[in-house]
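What follows is the content of work_20.cif, which has mmCIF, C-alpha atoms:
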```cif
data_protein
loop_
_atom_site.label_atom_id
_atom_site.label_comp_id
_atom_site.auth_asym_id
_atom_site.auth_seq_id
_atom_site.Cartn_x
_atom_site.Cartn_y
_atom_site.Cartn_z
CA MET A 162 73.72 -35.49 -100.36
CA LYS A 163 71.76 -33.41 -102.86
CA ASN A 164 72.85 -29.86 -103.66
CA LEU A 165 71.78 -27.68 -100.74
CA ASP A 166 72.12 -24.51 -102.82
CA SER A 167 68.77 -25.36 -104.39
CA VAL A 168 67.19 -25.38 -100.92
CA GLU A 169 68.62 -21.94 -100.16
CA LYS A 170 67.38 -20.62 -103.51
CA MET A 171 63.92 -22.04 -102.87
CA ILE A 172 63.71 -20.33 -99.47
CA LEU A 173 64.99 -16.98 -100.67
CA ASN A 174 62.49 -17.03 -103.54
CA PHE A 175 59.80 -16.80 -100.88
CA ASN A 176 60.66 -13.34 -99.58
CA PHE A 177 57.98 -13.41 -96.93
CA ILE A 178 59.71 -16.36 -95.21
CA GLU A 179 63.01 -14.51 -95.17
CA ASN A 180 61.30 -11.44 -93.75
CA LEU A 181 59.51 -13.39 -91.04
CA TYR A 182 62.67 -14.77 -89.43
CA GLU A 183 65.82 -13.20 -88.11
CA SER A 184 67.93 -16.35 -88.54
CA ILE A 185 67.62 -19.23 -91.02
CA ARG A 186 69.98 -22.18 -91.28
CA LEU A 187 70.29 -25.81 -92.35
CA ILE A 188 71.65 -28.30 -89.82
CA ASN A 189 72.47 -31.99 -89.48
CA PRO A 190 70.59 -32.91 -86.27
CA ILE A 191 72.56 -36.13 -85.73
CA GLU A 192 76.02 -34.58 -86.01
CA LYS A 193 74.70 -31.33 -84.46
CA LYS A 194 76.52 -29.36 -87.17
CA VAL A 195 75.53 -26.28 -89.19
CA TYR A 196 75.57 -27.07 -92.92
CA LYS A 197 74.55 -23.72 -94.31
CA VAL A 198 73.65 -20.28 -92.92
CA ILE A 199 70.97 -18.74 -95.11
CA LYS A 200 70.36 -15.71 -92.93
CA GLY A 201 71.73 -14.66 -89.55
CA SER A 202 74.54 -13.24 -87.46
CA SER A 203 78.00 -14.42 -88.46
CA LYS A 204 78.99 -14.25 -84.79
CA LEU A 205 76.41 -16.77 -83.66
CA MET A 206 76.14 -19.03 -86.73
CA LYS A 207 78.98 -20.39 -88.82
CA VAL A 208 79.16 -23.35 -91.17
CA ASN A 209 80.55 -26.49 -89.43
CA ASP A 210 79.92 -25.00 -85.99
CA ASN A 211 77.91 -26.99 -83.47
CA CYS A 212 74.27 -26.06 -83.91
CA TYR A 213 73.88 -25.55 -80.16
CA ASP A 214 76.61 -22.88 -80.13
CA PHE A 215 73.86 -20.44 -81.14
CA TRP A 216 72.32 -20.98 -77.71
CA GLN A 217 75.74 -20.44 -76.12
CA ASN A 218 75.65 -23.92 -74.56
CA ASN A 219 78.57 -26.28 -74.18
CA LYS A 220 76.41 -29.31 -74.88
CA ALA A 221 73.61 -30.51 -77.14
CA CYS A 222 70.12 -29.27 -76.33
CA GLU A 223 68.13 -31.58 -74.07
CA ASN A 224 64.88 -30.70 -75.84
CA CYS A 225 66.13 -30.99 -79.44
CA ILE A 226 63.15 -30.34 -81.71
CA SER A 227 65.32 -30.61 -84.82
CA MET A 228 66.12 -34.24 -84.01
CA ARG A 229 62.43 -34.75 -83.24
CA ALA A 230 61.47 -33.22 -86.58
CA TYR A 231 64.04 -35.46 -88.30
CA ASN A 232 62.78 -38.61 -86.55
CA HIS A 233 59.07 -38.00 -87.14
CA ASN A 234 59.23 -36.02 -90.40
CA LYS A 235 57.05 -33.37 -88.79
CA ILE A 236 57.38 -29.65 -88.02
CA TYR A 237 58.01 -28.74 -84.36
CA THR A 238 58.24 -25.40 -82.55
CA LYS A 239 59.67 -24.35 -79.18
CA ILE A 240 60.74 -21.28 -77.24
CA GLU A 241 64.49 -21.17 -76.55
CA TYR A 242 67.02 -18.66 -75.28
CA ASN A 243 70.68 -17.73 -75.16
CA GLU A 244 72.50 -15.38 -72.79
CA THR A 245 70.79 -12.26 -74.11
CA ASN A 246 67.66 -13.08 -76.11
CA ILE A 247 64.53 -15.21 -76.31
CA TYR A 248 63.56 -16.89 -79.60
CA ILE A 249 60.68 -18.72 -81.20
CA MET A 250 62.29 -21.58 -83.11
CA THR A 251 60.69 -23.78 -85.77
CA ALA A 252 62.29 -26.98 -87.07
CA VAL A 253 61.24 -28.11 -90.54
CA PRO A 254 62.46 -31.55 -91.75
CA LEU A 255 63.76 -31.71 -95.33
CA SER A 256 63.78 -35.48 -95.65
CA ASN A 257 65.00 -35.48 -99.25
CA TYR A 258 68.21 -33.78 -98.11
CA ASN A 259 68.63 -35.41 -94.66
CA VAL A 260 68.81 -31.98 -93.04
CA VAL A 261 66.53 -29.80 -90.93
CA LEU A 262 65.67 -26.18 -91.66
CA GLU A 263 65.74 -24.06 -88.51
CA LEU A 264 63.81 -20.78 -88.50
CA MET A 265 64.41 -18.44 -85.53
CA GLN A 266 62.84 -15.14 -84.56
CA ASN A 267 63.90 -12.93 -81.65
CA VAL A 268 60.84 -12.29 -79.45
CA SER A 269 62.60 -10.83 -76.42
CA SER A 270 60.61 -7.59 -76.57
CA ASP A 271 57.32 -9.54 -76.48
CA TYR A 272 58.33 -11.60 -73.45
CA LEU A 273 59.95 -8.84 -71.44
CA GLU A 274 57.01 -6.43 -71.26
CA ASN A 275 55.75 -5.05 -67.94
CA ASP A 276 59.23 -5.11 -66.38
CA GLN A 277 59.37 -8.91 -66.29
CA LYS A 278 62.83 -10.12 -65.30
CA PHE A 279 64.83 -12.02 -67.91
CA ASP A 280 65.94 -14.67 -65.40
CA ASP A 281 62.35 -15.39 -64.34
CA ILE A 282 61.27 -15.91 -67.96
CA ILE A 283 64.27 -18.17 -68.59
CA LYS A 284 63.35 -20.39 -65.64
CA LEU A 285 59.83 -20.86 -67.03
CA ILE A 286 61.16 -21.66 -70.52
CA ARG A 287 63.68 -24.16 -69.19
CA LYS A 288 61.04 -25.86 -67.03
CA GLN A 289 58.72 -26.21 -70.02
CA ASN A 290 61.46 -27.53 -72.34
CA LEU A 291 62.62 -30.10 -69.79
CA SER A 292 59.06 -31.29 -69.14
CA ILE A 293 58.99 -32.62 -72.71
CA VAL A 294 62.00 -34.92 -72.21
CA LYS A 295 61.76 -35.77 -68.50
CA ASN A 296 59.86 -38.61 -66.82
CA ALA A 297 57.40 -37.13 -64.30
CA LEU A 298 57.79 -39.99 -61.81
CA THR A 299 61.59 -40.18 -61.63
CA SER A 300 62.74 -36.77 -62.98
CA LEU A 301 65.15 -38.69 -65.23
CA TYR A 302 65.03 -38.41 -69.02
CA ASN A 303 62.26 -40.29 -70.85
CA ASP A 304 61.98 -42.59 -73.86
CA GLN A 305 61.68 -39.68 -76.27
CA PHE A 306 65.03 -38.31 -75.11
CA ILE A 307 66.71 -41.69 -75.70
CA PHE A 308 65.93 -41.82 -79.40
CA GLU A 309 66.74 -38.14 -79.88
CA ARG A 310 70.12 -38.34 -78.13
CA LEU A 311 71.44 -41.83 -78.98
CA PRO A 312 71.98 -41.08 -82.71
CA HIS A 313 74.31 -38.26 -81.69
CA ASP A 314 76.21 -40.48 -79.22
CA ILE A 315 76.66 -43.13 -81.92
CA ALA A 316 77.91 -40.48 -84.37
CA ILE A 317 80.44 -39.19 -81.81
CA SER A 318 81.70 -42.72 -81.15
CA HIS A 319 82.22 -43.27 -84.88
CA ARG A 320 83.73 -39.85 -85.61
CA GLU A 321 86.03 -39.59 -82.58
CA ASN A 322 86.78 -43.33 -82.17
CA VAL A 323 85.72 -43.23 -78.52
CA ASN A 324 84.05 -45.92 -76.41
CA VAL A 325 80.38 -45.26 -75.71
CA SER A 326 78.82 -47.80 -73.36
CA LEU A 327 75.09 -48.38 -73.02
CA PHE A 328 73.67 -50.19 -70.00
CA ILE A 329 70.13 -51.57 -69.73
CA ILE A 330 69.04 -51.90 -66.11
CA LYS A 331 65.79 -53.76 -65.49
CA ILE A 332 63.96 -54.00 -62.18
CA LYS A 333 63.07 -57.63 -61.63
CA ASP A 334 59.72 -58.92 -60.35
CA MET A 335 57.88 -55.62 -60.96
CA ASP A 336 54.72 -57.48 -62.01
CA TYR A 337 54.81 -59.38 -58.72
CA ILE A 338 55.40 -56.20 -56.70
CA ASN A 339 52.53 -54.39 -58.46
CA ASN A 340 50.14 -57.34 -58.08
CA ILE A 341 50.90 -58.02 -54.41
CA HIS A 342 51.58 -54.52 -53.07
CA GLY A 343 49.81 -52.27 -55.58
CA TYR A 344 50.97 -49.78 -58.19
CA LEU A 345 51.60 -46.99 -55.68
CA VAL A 346 54.22 -49.16 -54.01
CA GLY A 347 55.54 -50.22 -57.43
CA ASN A 348 55.97 -46.58 -58.42
CA GLN A 349 57.82 -45.91 -55.19
CA VAL A 350 60.18 -48.81 -55.95
CA ILE A 351 60.90 -47.28 -59.38
CA LYS A 352 61.57 -43.89 -57.75
CA GLU A 353 63.95 -45.42 -55.20
CA VAL A 354 65.92 -47.28 -57.87
CA ALA A 355 66.04 -44.12 -60.02
CA LYS A 356 67.37 -42.16 -57.05
CA ALA A 357 70.10 -44.76 -56.53
CA LEU A 358 71.10 -44.72 -60.21
CA LYS A 359 71.00 -41.00 -60.94
CA VAL A 360 74.47 -40.49 -59.41
CA LEU A 361 76.08 -42.67 -62.10
CA PRO A 362 76.49 -40.13 -64.95
CA ARG A 363 79.79 -38.42 -64.11
CA ARG A 364 81.07 -36.93 -67.36
CA GLU A 365 79.37 -34.08 -69.17
CA LYS A 366 78.13 -36.30 -72.01
CA ASP A 367 76.93 -39.16 -69.76
CA TRP A 368 73.18 -39.48 -69.15
CA ILE A 369 70.54 -41.77 -67.68
CA SER A 370 66.92 -42.25 -68.66
CA THR A 371 63.90 -44.32 -67.80
CA TYR A 372 62.99 -46.80 -70.52
CA ARG A 373 59.61 -48.46 -70.95
CA GLY A 374 58.53 -48.16 -67.35
CA VAL A 375 60.66 -50.60 -65.36
CA ARG A 376 63.97 -50.21 -67.20
CA PHE A 377 66.69 -47.60 -67.29
CA VAL A 378 69.18 -46.70 -70.01
CA LEU A 379 72.58 -45.43 -68.89
CA VAL A 380 75.06 -44.05 -71.44
CA MET A 381 78.68 -43.43 -70.42
CA TYR A 382 81.65 -42.19 -72.41
CA GLY A 383 85.25 -43.35 -72.44
CA ILE A 384 85.09 -46.28 -70.02
CA SER A 385 87.02 -49.53 -70.45
CA GLU A 386 85.76 -53.10 -70.22
CA ASN A 387 87.18 -53.41 -66.70
CA GLN A 388 85.39 -50.23 -65.66
CA VAL A 389 82.15 -51.60 -67.12
CA GLY A 390 82.46 -54.59 -64.80
CA ARG A 391 83.02 -52.36 -61.79
CA ILE A 392 80.02 -50.22 -62.73
CA CYS A 393 77.84 -53.33 -62.96
CA ASP A 394 79.05 -54.42 -59.52
CA TYR A 395 78.34 -50.96 -58.14
CA ILE A 396 74.79 -50.97 -59.55
CA TYR A 397 74.06 -54.42 -58.10
CA GLU A 398 75.39 -53.45 -54.69
CA ARG A 399 73.70 -50.05 -54.59
CA VAL A 400 70.27 -51.43 -55.56
CA ASN A 401 70.55 -54.56 -53.40
CA SER A 402 71.34 -52.38 -50.38
CA LEU A 403 68.07 -50.45 -50.70
CA ASP A 404 66.00 -50.90 -47.55
CA PHE A 405 62.40 -50.86 -48.78
CA SER A 406 59.19 -52.16 -47.26
CA SER A 407 55.41 -51.91 -47.59
CA ASN A 408 53.21 -52.17 -44.49
CA ASP A 409 56.23 -53.47 -42.58
CA THR A 410 56.76 -56.19 -45.21
CA PRO A 411 60.30 -56.06 -46.63
CA ILE A 412 60.50 -55.90 -50.42
CA LYS A 413 63.69 -57.18 -51.99
CA ILE A 414 64.68 -55.13 -55.02
CA GLU A 415 66.94 -56.71 -57.62
CA VAL A 416 68.01 -55.66 -61.10
CA GLY A 417 69.24 -57.37 -64.23
CA ILE A 418 71.97 -55.57 -66.18
CA GLY A 419 72.96 -55.81 -69.81
CA TYR A 420 75.48 -53.62 -71.60
CA HIS A 421 77.12 -53.03 -74.93
CA ILE A 422 80.33 -51.14 -75.66
CA LEU A 423 80.33 -49.27 -78.95
CA LYS A 424 83.44 -47.95 -80.66
CA ASP A 425 83.83 -46.73 -84.23
CA LYS A 426 80.72 -48.52 -85.51
CA LEU A 427 77.57 -47.06 -87.04
CA ILE A 428 74.47 -48.84 -85.79
CA THR A 429 70.93 -47.70 -85.09
CA PRO A 430 69.77 -46.72 -81.59
CA GLU A 431 67.45 -49.73 -81.66
CA GLN A 432 70.39 -52.07 -82.42
CA PHE A 433 72.45 -50.47 -79.65
CA ILE A 434 69.69 -51.12 -77.11
CA GLU A 435 68.97 -54.64 -78.38
CA ASN A 436 72.66 -55.59 -78.10
CA ALA A 437 72.56 -54.59 -74.44
CA LYS A 438 69.21 -56.32 -73.83
CA GLU A 439 70.50 -59.55 -75.37
CA MET A 440 72.87 -60.02 -72.47
CA ILE A 441 69.98 -59.78 -69.99
CA LYS A 442 67.98 -62.36 -71.98
CA VAL A 443 70.81 -64.89 -71.99
CA GLU A 444 71.69 -64.18 -68.38
CA ASN A 445 68.07 -64.70 -67.33
CA LYS A 446 68.16 -68.14 -68.99
CA LEU A 447 71.01 -69.16 -66.69
CA GLU A 448 69.66 -67.39 -63.61
CA ARG A 449 66.41 -69.37 -63.62
CA ASN A 450 68.11 -71.88 -61.31
CA ASP A 451 69.42 -70.28 -58.12
CA ASN A 452 71.43 -67.43 -59.66
CA SER A 453 73.68 -69.86 -61.49
CA ALA A 454 75.11 -67.21 -63.83
CA GLN A 455 76.46 -65.24 -60.89
CA LYS A 456 77.78 -68.44 -59.35
CA LEU A 457 79.57 -69.38 -62.58
CA MET A 458 81.19 -65.98 -62.84
CA GLN A 459 82.32 -66.06 -59.21
CA ARG A 460 83.43 -69.68 -59.34
CA TYR A 461 85.70 -69.15 -62.32
CA SER A 462 86.52 -65.45 -61.73
CA LEU A 463 85.30 -64.53 -65.20
CA THR A 464 85.43 -60.88 -66.15
CA TYR A 465 82.23 -59.29 -67.42
CA ARG A 466 83.42 -59.51 -71.04
CA GLU A 467 84.37 -63.18 -70.52
CA LYS A 468 80.98 -63.81 -68.97
CA GLU A 469 79.31 -62.14 -71.95
CA ILE A 470 81.26 -64.32 -74.38
CA ALA A 471 80.64 -67.47 -72.33
CA LEU A 472 76.91 -66.78 -72.42
CA LEU A 473 77.02 -66.42 -76.21
CA LEU A 474 79.01 -69.64 -76.48
CA LEU A 475 76.20 -71.35 -74.59
CA LYS A 476 73.87 -70.15 -77.35
CA GLY A 477 76.06 -71.90 -79.93
CA LYS A 478 77.55 -68.73 -81.43
CA SER A 479 80.79 -69.04 -83.39
CA ASN A 480 83.76 -66.77 -82.75
CA THR A 481 82.88 -64.75 -85.85
CA GLU A 482 79.26 -64.39 -84.75
CA ILE A 483 80.39 -63.30 -81.29
CA ALA A 484 82.75 -60.73 -82.80
CA ASP A 485 79.91 -59.36 -84.94
CA ALA A 486 77.44 -59.33 -82.04
CA LEU A 487 79.80 -57.53 -79.66
CA TYR A 488 81.46 -55.32 -82.31
CA ILE A 489 84.94 -56.45 -81.33
CA GLY A 490 87.76 -58.01 -83.35
CA LEU A 491 87.97 -61.74 -83.99
CA SER A 492 91.43 -61.84 -82.36
CA THR A 493 89.93 -60.24 -79.22
CA VAL A 494 87.24 -62.92 -79.08
CA LYS A 495 89.85 -65.68 -79.43
CA LYS A 496 91.92 -64.15 -76.63
CA HIS A 497 88.91 -64.10 -74.29
CA VAL A 498 87.85 -67.63 -75.27
CA SER A 499 91.36 -68.87 -74.49
CA SER A 500 91.21 -67.16 -71.08
CA ILE A 501 87.81 -68.74 -70.42
CA PHE A 502 89.20 -72.18 -71.31
CA THR A 503 92.07 -71.68 -68.87
CA LYS A 504 89.85 -70.50 -66.01
CA THR A 505 87.24 -73.24 -66.48
CA GLU A 506 89.91 -75.92 -67.03
CA VAL A 507 88.59 -77.17 -70.37
CA LYS A 508 90.33 -77.72 -73.70
CA SER A 509 87.57 -77.24 -76.25
CA ARG A 510 84.40 -75.30 -77.00
CA THR A 511 82.29 -78.48 -76.77
CA GLU A 512 83.73 -79.32 -73.37
CA LEU A 513 83.16 -75.76 -72.16
CA VAL A 514 79.53 -75.63 -73.27
CA ALA A 515 78.83 -79.03 -71.71
CA LYS A 516 80.47 -78.02 -68.44
CA LEU A 517 78.76 -74.65 -68.12
CA ASN A 518 75.37 -76.04 -69.12
CA ASN A 519 75.65 -78.89 -66.63
CA GLU A 520 76.75 -76.63 -63.79
CA ALA A 521 74.15 -73.98 -64.62
CA LEU A 522 71.39 -76.55 -64.26
CA VAL A 523 72.60 -78.07 -61.00
#
```
In structure tokens, how does this file's structure come out?
Amino acid sequence: MKNLDSVEKMILNFNFIENLYESIRLINPIEKKVYKVIKGSSKLMKVNDNCYDFWQNNKACENCISMRAYNHNKIYTKIEYNETNIYIMTAVPLSNYNVVLELMQNVSSDYLENDQKFDDIIKLIRKQNLSIVKNALTSLYNDQFIFERLPHDIAISHRENVNVSLFIIKIKDMDYINNIHGYLVGNQVIKEVAKALKVLPRREKDWISTYRGVRFVLVMYGISENQVGRICDYIYERVNSLDFSSNDTPIKIEVGIGYHILKDKLITPEQFIENAKEMIKVENKLERNDNSAQKLMQRYSLTYREKEIALLLLKGKSNTEIADALYIGLSTVKKHVSSIFTKTEVKSRTELVAKLNNEALV
């Protein structure tokens, strides 16, 4: 990273900028860390602190304009608050340094005129900030939130060596539902599925979002492969149990689920999502004939990770390619392949692929 002292010198040379703002700092919006405090209270801003500590929050901001400025290389402004004051905040991307300059000015006196109550103003500010990152139909987070939050989740996984699991949940047959029953009914289906899924984030850092209309992205921290399988089962059962109809005509709602478990790897948000979507693509290939993928898993009691590896074997992937695709060790892949051989009663990869392909097409 280039010398940030030159950035500080450049800013301080423009005295009017320093005079305009009460607090000025440089932050890394992905790591959510303060790199340098140029001007401001030492109590609220310290180098290496979390940037959101200034707002006296215990978690990253939902409406993070610094990440937005970083992603789009564009200046953004918002109104924000902490326990005692209201601020106008401006985020200026410094792309040459991979940091964002945050400029903050206390405007509490302007917003609290005419005996307006602080709590009432805060409610309005929070509502406005959330409207930027929430989907109006489902009240879940939206696509913009995904690409502003996922880089931070990936960074945490790498830095803290913790599992971060991403699930893609897709509502099947939405085109059919919209064409036959209309978009109002289709929107209601999306709302019902969203309502069923919104209970899934349990930990403070977990979250769920809509994604491109008929999909959802669920991110969960610190869950094992076995827990991933149970979560998939729970999602299937919860959505399949939805009792939904239009004009007394029952509508069966089903979902496809893909997932990817990330640990100690640096990938892009797009790669993270694509790795999860890949499992849906391969699973759909098998499911085109009477839910054969589900039948295979049940018939041979494959775990979700074994199913994932079996599906990749059907695509002709080598052990090394599977390890790379799933971001797991080669020895782990070999262990799962051996277990799959035992459960399916085959002795070789060729025999396995032939058996699964034949049975999937029956």
**Message:** To one decimal place in Å, what is the distance between CA of Val260 (chain A) and CA of Pro190 (chain A)?
**Reply:**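 Separation of CA of Val260 (chain A) and CA of Pro190 (chain A): 7.1 Å.
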**Request:** Go through A:Lys333, A:Lys496, A:Lys352, A:Arg320 and flag the residue nearest Ile414 (chain A), using all atoms listed in the file for the distances.
**Result:** A:Lys333
**Nearest to Val416 (chain A), chosen from A:Glu386, A:Met335, A:Trp368, A:Thr493, with all atoms listed in the file counted in the distances** =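 Looking only at the distances to Val416 (chain A), the closest residue turns out to be A:Met335.
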**Prompt:** Leaving out Arg310 (chain A) and any residue of its chain fewer than 2 positions from it, which residues lie within 9 Å of it when counting all atoms listed in the file, given as number ranges by chain?
**Reply:** A: 191, 221, 223, 225, 228, 305-308, 312-315
**Request:** Would you mind reading off the distance between CA of Val261 (chain A) and CA of Lys200 (chain A), one decimal, in Å?
**Result:**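 Straight-line distance from CA of Val261 (chain A) to CA of Lys200 (chain A) works out to 14.7 Å.
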Determine, using only C-alpha atoms, which residues of region 312-389 of chain A have any atom at most 12 Å from an atom of region 398-404 of chain A, and tabulate each with its shortest atom pair and distance in Å to one decimal place, rows ordered by chain and then rising number, as a Markdown table.
```
| residue | atom | partner | partner_atom | distance |
| --- | --- | --- | --- | --- |
| A:Ile330 | CA | A:Val400 | CA | 10.6 |
| A:Lys331 | CA | A:Val400 | CA | 11.1 |
| A:Ile332 | CA | A:Val400 | CA | 9.5 |
| A:Lys333 | CA | A:Val400 | CA | 11.3 |
| A:Val350 | CA | A:Leu403 | CA | 9.6 |
| A:Ile351 | CA | A:Val400 | CA | 10.9 |
| A:Lys352 | CA | A:Leu403 | CA | 11.6 |
| A:Glu353 | CA | A:Leu403 | CA | 7.9 |
| A:Val354 | CA | A:Val400 | CA | 6.4 |
| A:Ala355 | CA | A:Val400 | CA | 9.6 |
| A:Lys356 | CA | A:Val400 | CA | 9.8 |
| A:Ala357 | CA | A:Arg399 | CA | 6.7 |
| A:Leu358 | CA | A:Arg399 | CA | 8.2 |
| A:Lys359 | CA | A:Arg399 | CA | 11.4 |
| A:Val360 | CA | A:Arg399 | CA | 10.7 |
| A:Leu361 | CA | A:Arg399 | CA | 10.8 |
```
**Message:** So, with only C-alpha atoms as the atoms that count, which of A:Ile369, A:Thr245, A:Tyr258, A:Val253 lies closest to Ser270 (chain A)?
**Reply:**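 Result for the nearest residue to Ser270 (chain A): A:Thr245.
The closest residue to Ile293 (chain A), picked from A:Asp280, A:Asn224, A:Asn340, A:Leu473 and counting all atoms listed in the file, is A:Asn224.
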**Message:** To one decimal place in Å, what is the distance between CA of Ile282 (chain A) and CA of Arg186 (chain A)?
**Reply:**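 Pair CA of Ile282 (chain A) / CA of Arg186 (chain A) returns 25.7 Å.
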**Prompt:** Hey, what comes out of the PyMOL selection byres ((chain A and resi 208-213) around 7) on this file? Could you write it as number ranges by chain?
**Reply:** A: 188, 193-198, 206-207, 214-218, 220-222
**Message:** Here's the selection I'm unsure about, the PyMOL selection byres ((chain A and resi 316-318) around 10); applied to the file above, which residues does it give, as a PyMOL selection string?
**Reply:** chain A and resi 191-193+311-315+319-326+382-383+423-428
**Request:** Name every residue that the PyMOL selection byres ((chain A and resi 328) around 10) selects in this structure, writing the answer as JSON, numbers by chain with chains first and numbers rising.
**Result:** {"A": [326, 327, 329, 330, 331, 369, 377, 378, 379, 380, 381, 389, 392, 393, 418, 419, 420, 421, 422, 433, 434, 436, 437, 438]}
